[in-house]
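A.B. asks: Contents of work_13.pdb (PDB, C-alpha atoms) are given next:
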```pdb
ATOM      1  CA  MET W 907       0.000   0.000   0.000
ATOM      2  CA  ASN W 908       2.838   2.384   0.818
ATOM      3  CA  LEU W 909       4.548   1.631  -2.501
ATOM      4  CA  VAL W 910       1.315   2.440  -4.344
ATOM      5  CA  LEU W 911       1.013   5.722  -2.419
ATOM      6  CA  VAL W 912       4.582   6.806  -3.238
ATOM      7  CA  ALA W 913       4.245   5.760  -6.890
ATOM      8  CA  ALA W 914       0.942   7.625  -7.244
ATOM      9  CA  LEU W 915       2.271  10.802  -5.623
ATOM     10  CA  PHE W 916       5.462  11.070  -7.613
ATOM     11  CA  GLY W 917       4.107   9.529 -10.817
ATOM     12  CA  ILE W 918       1.138  11.883 -11.138
ATOM     13  CA  LEU W 919       3.106  14.989 -10.170
ATOM     14  CA  HIS W 920       5.875  14.080 -12.624
ATOM     15  CA  LEU W 921       3.542  13.342 -15.528
ATOM     16  CA  SER W 922       1.519  16.511 -14.967
ATOM     17  CA  LYS W 923       4.503  18.889 -15.042
ATOM     18  CA  THR W 924       3.891  19.833 -18.666
ATOM     19  CA  TRP W 925       0.086  19.668 -18.713
ATOM     20  CA  ASN W 926      -1.911  22.703 -19.713
ATOM     21  CA  GLU W 927      -4.866  24.056 -17.778
ATOM     22  CA  GLY W 928      -7.405  21.948 -19.664
ATOM     23  CA  GLN W 929      -5.483  18.731 -19.088
ATOM     24  CA  ILE W 930      -5.171  19.499 -15.380
ATOM     25  CA  ARG W 931      -8.907  20.156 -15.113
ATOM     26  CA  ARG W 932      -9.783  16.946 -16.982
ATOM     27  CA  PHE W 933      -7.454  14.813 -14.890
ATOM     28  CA  GLY W 934      -8.844  16.309 -11.682
ATOM     29  CA  ARG W 935     -12.379  15.407 -12.714
ATOM     30  CA  VAL W 936     -11.380  11.884 -13.744
ATOM     31  CA  LEU W 937      -9.729  11.389 -10.362
ATOM     32  CA  ALA W 938     -12.829  12.803  -8.649
ATOM     33  CA  VAL W 939     -15.017  10.234 -10.429
ATOM     34  CA  ILE W 940     -12.630   7.411  -9.486
ATOM     35  CA  LEU W 941     -12.657   8.400  -5.814
ATOM     36  CA  LEU W 942     -16.445   8.735  -5.596
ATOM     37  CA  GLY W 943     -16.902   5.542  -7.609
ATOM     38  CA  ASN W 944     -14.588   3.693  -5.223
ATOM     39  CA  LEU W 945     -16.551   5.021  -2.237
ATOM     40  CA  LEU W 946     -19.918   3.983  -3.700
ATOM     41  CA  LEU W 947     -18.611   0.627  -4.907
ATOM     42  CA  ARG W 948     -17.585  -0.246  -1.365
ATOM     43  CA  GLN W 949     -21.145   0.361  -0.181
ATOM     44  CA  GLY W 950     -22.438  -1.847  -2.998
ATOM     45  CA  VAL W 951     -19.970  -4.654  -2.280
ATOM     46  CA  LEU W 952     -20.838  -4.664   1.421
ATOM     47  CA  ALA W 953     -24.554  -4.779   0.590
ATOM     48  CA  TRP W 954     -24.060  -7.530  -2.022
ATOM     49  CA  THR W 955     -22.089  -9.726   0.386
ATOM     50  CA  GLY W 956     -24.505  -9.111   3.260
ATOM     51  CA  GLU W 957     -21.770  -7.465   5.338
ATOM     52  CA  TRP W 958     -23.277  -3.961   5.346
ATOM     53  CA  LYS W 959     -24.060  -2.806   8.880
ATOM     54  CA  ALA W 960     -25.168   0.675   9.914
ATOM     55  CA  HIS W 961     -22.789   0.700  12.875
ATOM     56  CA  ASN W 962     -19.604   0.242  10.829
ATOM     57  CA  SER W 963     -20.323   0.552   7.084
ATOM     58  CA  LEU W 964     -21.589   4.111   6.620
ATOM     59  CA  PRO W 965     -19.026   6.538   5.124
ATOM     60  CA  LEU W 966     -18.828   8.581   8.318
ATOM     61  CA  GLN W 967     -15.151   8.302   9.219
ATOM     62  CA  MET W 968     -12.972  11.372   8.744
ATOM     63  CA  CYS W 969     -11.228   9.759   5.767
ATOM     64  CA  SER W 970     -14.595   8.937   4.164
ATOM     65  CA  PHE W 971     -15.580  12.588   4.386
ATOM     66  CA  SER W 972     -12.136  13.490   3.017
ATOM     67  CA  VAL W 973     -12.818  11.417  -0.108
ATOM     68  CA  ILE W 974     -15.888  13.580  -0.711
ATOM     69  CA  TRP W 975     -13.896  16.775  -0.047
ATOM     70  CA  ALA W 976     -11.266  15.507  -2.497
ATOM     71  CA  ALA W 977     -13.808  14.862  -5.262
ATOM     72  CA  VAL W 978     -15.487  18.257  -4.833
ATOM     73  CA  THR W 979     -12.126  20.045  -4.733
ATOM     74  CA  LEU W 980     -10.864  18.320  -7.872
ATOM     75  CA  TRP W 981     -14.123  19.054  -9.720
ATOM     76  CA  THR W 982     -14.778  22.636  -8.582
ATOM     77  CA  GLY W 983     -11.644  24.017  -6.904
ATOM     78  CA  HIS W 984     -13.773  25.405  -4.050
ATOM     79  CA  PRO W 985     -11.356  26.998  -1.515
ATOM     80  CA  LEU W 986     -13.199  26.030   1.688
ATOM     81  CA  VAL W 987     -13.734  22.431   0.590
ATOM     82  CA  TYR W 988     -10.061  22.344  -0.417
ATOM     83  CA  GLU W 989      -9.074  23.390   3.114
ATOM     84  CA  PHE W 990     -11.268  20.668   4.624
ATOM     85  CA  LEU W 991      -9.533  18.209   2.288
ATOM     86  CA  LEU W 992      -6.047  19.299   3.347
ATOM     87  CA  PHE W 993      -6.622  19.231   7.069
ATOM     88  CA  TRP W 994      -9.067  16.366   7.470
ATOM     89  CA  GLY W 995      -7.056  14.431   4.903
ATOM     90  CA  ALA W 996      -3.962  14.609   7.115
ATOM     91  CA  GLY W 997      -5.301  11.519   8.865
ATOM     92  CA  ALA W 998      -4.892   9.541   5.646
ATOM     93  CA  LEU W 999      -1.144   9.633   6.232
ATOM     94  CA  HIS W1000      -1.610   7.707   9.482
ATOM     95  CA  SER W1001      -3.907   5.320   7.651
ATOM     96  CA  PHE W1002      -0.813   4.186   5.762
ATOM     97  CA  LEU W1003       1.553   4.262   8.740
ATOM     98  CA  THR W1004      -0.846   2.385  11.046
ATOM     99  CA  PRO W1005      -3.622   0.903   8.848
ATOM    100  CA  GLU W1006      -6.832  -0.578  10.219
ATOM    101  CA  LEU W1007      -8.969  -2.511   7.723
ATOM    102  CA  ASP W1008     -12.316  -2.697   9.483
ATOM    103  CA  ASP W1009     -13.875  -5.071   6.941
ATOM    104  CA  GLY W1010     -11.124  -7.699   6.886
ATOM    105  CA  ASN W1011      -7.935  -8.427   4.952
ATOM    106  CA  SER W1012      -9.357  -9.471   1.587
ATOM    107  CA  LEU W1013      -7.648  -8.344  -1.619
ATOM    108  CA  TYR W1014     -10.607  -6.093  -2.458
ATOM    109  CA  ASN W1015     -10.441  -4.382   0.937
ATOM    110  CA  HIS W1016      -6.728  -3.685   0.446
ATOM    111  CA  ILE W1017      -7.355  -2.223  -3.017
ATOM    112  CA  GLU W1018     -10.333  -0.109  -1.894
ATOM    113  CA  TYR W1019      -8.461   1.127   1.176
ATOM    114  CA  THR W1020      -5.377   2.052  -0.853
ATOM    115  CA  ILE W1021      -7.322   3.894  -3.570
ATOM    116  CA  SER W1022      -9.375   5.923  -1.108
ATOM    117  CA  HIS W1023      -6.562   6.925   1.257
ATOM    118  CA  ALA W1024      -3.911   7.454  -1.419
ATOM    119  CA  GLY W1025      -6.471   9.434  -3.404
ATOM    120  CA  ILE W1026      -6.976  11.837  -0.503
ATOM    121  CA  LEU W1027      -3.266  12.665  -0.281
ATOM    122  CA  VAL W1028      -2.794  12.788  -4.061
ATOM    123  CA  ALA W1029      -5.821  15.078  -4.455
ATOM    124  CA  GLY W1030      -4.545  17.518  -1.842
ATOM    125  CA  LEU W1031      -1.089  17.737  -3.394
ATOM    126  CA  PHE W1032      -2.475  17.944  -6.921
ATOM    127  CA  ALA W1033      -4.823  20.768  -5.934
ATOM    128  CA  THR W1034      -1.962  22.733  -4.384
ATOM    129  CA  VAL W1035       0.806  22.050  -6.887
ATOM    130  CA  ARG W1036      -1.144  21.857 -10.153
ATOM    131  CA  MET W1037      -4.516  23.581  -9.615
ATOM    132  CA  GLY W1038      -3.040  26.687  -7.993
ATOM    133  CA  LEU W1039      -4.961  26.439  -4.711
ATOM    134  CA  LYS W1040      -3.444  27.570  -1.405
ATOM    135  CA  PRO W1041      -4.709  27.361   2.196
ATOM    136  CA  ARG W1042      -5.725  30.802   3.405
ATOM    137  CA  ARG W1043      -4.225  32.441   6.487
ATOM    138  CA  LEU W1044      -5.422  30.864   9.742
ATOM    139  CA  SER W1045      -7.424  28.322   7.763
ATOM    140  CA  TRP W1046      -5.985  25.587  10.001
ATOM    141  CA  LEU W1047      -7.595  27.254  13.028
ATOM    142  CA  LYS W1048     -10.928  27.775  11.239
ATOM    143  CA  ILE W1049     -11.164  24.142  10.129
ATOM    144  CA  PHE W1050     -10.146  22.993  13.622
ATOM    145  CA  GLY W1051     -13.059  25.021  15.006
ATOM    146  CA  TYR W1052     -15.489  23.545  12.475
ATOM    147  CA  THR W1053     -14.229  20.084  13.415
ATOM    148  CA  GLN W1054     -15.186  20.635  17.054
ATOM    149  CA  LEU W1055     -18.745  21.354  15.927
ATOM    150  CA  VAL W1056     -18.867  18.048  14.062
ATOM    151  CA  LEU W1057     -17.764  15.948  17.048
ATOM    152  CA  PRO W1058     -20.993  16.172  19.142
ATOM    153  CA  VAL W1059     -23.019  15.346  16.032
ATOM    154  CA  MET W1060     -20.923  12.227  15.405
ATOM    155  CA  GLY W1061     -21.075  11.388  19.099
ATOM    156  CA  THR W1062     -24.869  11.414  18.872
ATOM    157  CA  VAL W1063     -24.753   9.188  15.777
ATOM    158  CA  ASN W1064     -22.499   6.750  17.640
ATOM    159  CA  PHE W1065     -24.863   6.704  20.620
ATOM    160  CA  LEU W1066     -27.881   5.979  18.427
ATOM    161  CA  LEU W1067     -26.202   3.328  16.255
ATOM    162  CA  GLY W1068     -23.818   1.794  18.781
ATOM    163  CA  SER W1069     -21.031   2.734  16.363
ATOM    164  CA  ASN W1070     -17.514   4.124  16.611
ATOM    165  CA  TYR W1071     -17.352   6.637  13.758
ATOM    166  CA  MET W1072     -14.386   8.996  14.008
ATOM    167  CA  TYR W1073     -13.210   6.684  16.833
ATOM    168  CA  LEU W1074     -15.056   8.739  19.431
ATOM    169  CA  ALA W1075     -16.426   5.744  21.355
ATOM    170  CA  GLU W1076     -13.420   3.397  21.334
ATOM    171  CA  ARG W1077      -9.727   3.546  20.528
ATOM    172  CA  PRO W1078      -8.822   2.413  17.010
ATOM    173  CA  LEU W1079      -7.039  -0.937  16.981
ATOM    174  CA  VAL W1080      -3.671   0.469  15.919
ATOM    175  CA  ASP W1081      -0.333   1.131  17.594
ATOM    176  CA  ASN W1082      -0.139   4.904  17.311
ATOM    177  CA  PRO W1083       1.891   7.119  19.694
ATOM    178  CA  PHE W1084      -0.851   9.768  19.797
ATOM    179  CA  LEU W1085      -3.323   7.291  21.335
ATOM    180  CA  ILE W1086      -2.616   7.454  25.057
ATOM    181  CA  GLY W1087      -4.776   5.834  27.709
ATOM    182  CA  PRO W1088      -8.316   4.443  27.666
ATOM    183  CA  TRP W1089     -11.527   6.247  26.735
ATOM    184  CA  PRO W1090     -12.031   9.186  27.048
ATOM    185  CA  TRP W1091      -8.412  10.200  27.725
ATOM    186  CA  TYR W1092      -7.069   9.099  24.343
ATOM    187  CA  LEU W1093      -9.392  11.698  22.802
ATOM    188  CA  LEU W1094      -7.179  14.431  24.265
ATOM    189  CA  GLY W1095      -4.193  12.959  22.451
ATOM    190  CA  MET W1096      -6.215  12.797  19.265
ATOM    191  CA  GLU W1097      -7.205  16.458  19.604
ATOM    192  CA  PHE W1098      -3.559  17.431  20.078
ATOM    193  CA  ALA W1099      -2.543  15.306  17.096
ATOM    194  CA  VAL W1100      -5.274  16.854  14.933
ATOM    195  CA  LEU W1101      -4.187  20.395  15.801
ATOM    196  CA  LEU W1102      -0.505  19.568  15.252
ATOM    197  CA  HIS W1103      -1.187  17.960  11.878
ATOM    198  CA  PHE W1104      -3.411  20.859  10.795
ATOM    199  CA  VAL W1105      -0.577  23.319  11.475
ATOM    200  CA  LEU W1106       2.059  21.145   9.777
ATOM    201  CA  PHE W1107      -0.077  20.530   6.685
ATOM    202  CA  TYR W1108      -0.895  24.246   6.537
ATOM    203  CA  LYS W1109       2.796  25.139   6.499
ATOM    204  CA  LEU W1110       3.623  22.367   4.022
ATOM    205  CA  HIS W1111       0.950  23.360   1.508
ATOM    206  CA  ARG W1112       1.678  27.078   1.857
ATOM    207  CA  TRP W1113       5.321  26.297   1.020
ATOM    208  CA  LEU W1114       4.343  24.004  -1.870
ATOM    209  CA  ALA W1115       1.965  26.635  -3.247
ATOM    210  CA  ALA W1116       4.649  29.350  -3.116
ATOM    211  CA  ARG W1117       7.163  27.066  -4.818
ATOM    212  CA  SER W1118       4.655  26.034  -7.480
ATOM    213  CA  GLU W1119       3.854  29.672  -8.266
ATOM    214  CA  ARG W1120       7.535  30.325  -9.007
ATOM    215  CA  LEU W1121       7.747  27.254 -11.259
ATOM    216  CA  ARG W1122       4.376  27.673 -12.966
ATOM    217  CA  PRO W1123       4.576  27.322 -16.769
ATOM    218  CA  SER W1124       4.391  30.416 -18.977
ATOM    219  CA  TRP W1125       0.930  29.427 -20.310
ATOM    220  CA  GLU W1126      -0.413  30.205 -16.828
ATOM    221  CA  THR W1127       1.648  33.243 -15.948
ATOM    222  CA  ASP W1128       1.229  35.143 -19.215
ATOM    223  CA  GLY W1129      -2.529  34.585 -19.407
ATOM    224  CA  SER W1130      -2.340  32.763 -22.733
TER     225      SER W1130
END
```
So that I can check it, write out the structure of this file as structure tokens.
C.D. replies:
Amino acid sequence: MNLVLVAALFGILHLSKTWNEGQIRRFGRVLAVILLGNLLLRQGVLAWTGEWKAHNSLPLQMCSFSVIWAAVTLWTGHPLVYEFLLFWGAGALHSFLTPELDDGNSLYNHIEYTISHAGILVAGLFATVRMGLKPRRLSWLKIFGYTQLVLPVMGTVNFLLGSNYMYLAERPLVDNPFLIGPWPWYLLGMEFAVLLHFVLFYKLHRWLAARSERLRPSWETDGS
């Protein structure tokens, strides 16, 4: 999975170096369709195999939302959705470092998991480096605030369904240094990790955007 992620990141960014604006837009929309198709296909496969359960199959994890943010960003370039993608999508990095396949270790689950989580990271980088988007000042703090508003809603969903979406009810079954202690104490570590990753991804994408502006091809800079 990690090899696929690295190959996708560097392969797509390398191939797209000489693309014009139309090619970039078309590729973004193709990738958006692939990501949404992968998300919907997973729901169909779970339903077909009889494994779909409301408490663990709904696309209500942070990375599931990030797939939607990625598709909308790639299709429309909306700045606020792009910022949600960058910051919520930071968790996709940990999904590769400490993966948890909730639906088992089948080949399909590995492929679906890799496409969705690699797609989040690729979409964020592509939007910054090739689509000319850049996180706005203090956007990390704004998205962190919005995230706090989402948590009680997801907590209510978990209470009603007996679920663990966004891992608010139980620790994820991974060995991650940010997960310290039992419930609810590990949530404090998660909050710290979220804020830290938001700041780091903000700085990374601001730097990438500035560098990309300096290296942008003449067809963009001269308005032709």
A.B. asks: Residues at most 10 Å from W:Leu919, counting all atoms listed in the file, excluding those fewer than 6 positions away in the same chain, as number ranges by chain?
C.D. replies: W: 913, 1028, 1031-1032, 1035-1036
A.B. asks: May I ask which of the residues W:Phe1002, W:Trp981, W:Trp1046, W:Phe933 is the closest one to W:Leu909, counting all atoms listed in the file?
C.D. replies: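 For W:Leu909, the nearest of the given residues is W:Phe1002.
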A.B. asks: Tell me, in Å to one decimal, how far atom CA of W:Tyr988 is from atom CA of W:Phe971.
C.D. replies: 12.2 Å
A.B. asks: What does the PyMOL selection byres ((chain W and resi 1109-1119) around 9) select in this file, as a short mmCIF file (atom, residue, chain, number, x, y, z; two decimals) with C-alpha atoms, in the frame of the given file?
C.D. replies:
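Output below, filename result-v7.cif:
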```cif
data_model
loop_
_atom_site.label_atom_id
_atom_site.label_comp_id
_atom_site.auth_asym_id
_atom_site.auth_seq_id
_atom_site.Cartn_x
_atom_site.Cartn_y
_atom_site.Cartn_z
CA LEU W 992 -6.05 19.30 3.35
CA GLY W 1030 -4.54 17.52 -1.84
CA LEU W 1031 -1.09 17.74 -3.39
CA THR W 1034 -1.96 22.73 -4.38
CA VAL W 1035 0.81 22.05 -6.89
CA ARG W 1036 -1.14 21.86 -10.15
CA GLY W 1038 -3.04 26.69 -7.99
CA LEU W 1039 -4.96 26.44 -4.71
CA LYS W 1040 -3.44 27.57 -1.40
CA PRO W 1041 -4.71 27.36 2.20
CA ARG W 1042 -5.72 30.80 3.40
CA PHE W 1104 -3.41 20.86 10.80
CA VAL W 1105 -0.58 23.32 11.48
CA LEU W 1106 2.06 21.14 9.78
CA PHE W 1107 -0.08 20.53 6.68
CA TYR W 1108 -0.90 24.25 6.54
CA ARG W 1120 7.54 30.32 -9.01
CA LEU W 1121 7.75 27.25 -11.26
CA ARG W 1122 4.38 27.67 -12.97
CA PRO W 1123 4.58 27.32 -16.77
CA THR W 1127 1.65 33.24 -15.95
#
```
A.B. asks: Find the residue from W:Leu911, W:Leu1047, W:Ala1029, W:Val939 that sits nearest to W:His1103; use all atoms listed in the file when measuring.
C.D. replies: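 Checking each candidate against W:His1103, we get W:Leu1047 as the closest.
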A.B. asks: Counting all atoms listed in the file, select every polymer residue within 10 Å of (-18.6, 12.9, 16.8) as defined in the file's coordinates, and provide the selection as a ChimeraX atom specification.
C.D. replies: /W:966-968,1053-1065,1070-1075
A.B. asks: Atom CA of W:Ala1024 and atom CA of W:Asn944, how far apart in Å?
C.D. replies: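 Those two atoms sit 11.9 Å apart.
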A.B. asks: Starting from the PyMOL selection byres ((chain W and resi 950-956) around 12), expand the selection into actual residues of this file and give them as a VMD selection string.
C.D. replies: chain W and resid 943 to 949 957 to 960 962 to 965 1008 to 1010 1014 to 1015 1018
A.B. asks: Starting from the point (-5.4, 17.0, 17.2), work out which residues of protein, DNA or RNA have an atom no more than 12 Å away when counting all atoms listed in the file; state them as a PyMOL selection string.
C.D. replies: chain W and resi 993-994+996-997+1046-1047+1049-1051+1053-1054+1084-1085+1092-1106
A.B. asks: Starting from the displayed file, determine the output of the PyMOL selection byres ((chain W and resi 936) around 12) and express the residue list as a count of residues only.
C.D. replies: 21
A.B. asks: Rounded to one decimal, what separation in Å do you get between atom CA of W:Val910 and atom CA of W:Ile1021?
C.D. replies: 8.8 Å
A.B. asks: Give the answer as one residue: which of W:Thr982, W:Ser1045, W:Thr1020, W:Asn1011 has the shortest atom-to-atom distance to W:Ala998, using all atoms listed in the file?
C.D. replies: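 The shortest atom-to-atom distance to W:Ala998 comes from W:Thr1020.
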A.B. asks: With all atoms listed in the file as the counted atoms, please give the residues lying no more than 9 Å from W:Asn1082, apart from itself and same-chain residues fewer than 2 positions off, as a ChimeraX atom specification.
C.D. replies: /W:1000,1003-1004,1080,1084-1086
A.B. asks: Can you work out which one of W:Arg1077, W:His961, W:His1023, W:His1016 has the shortest atom-to-atom distance to W:Ile974, counting all atoms listed in the file?
C.D. replies: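 When distances to W:Ile974 are compared using all atoms listed in the file, the smallest one comes from W:His1023.
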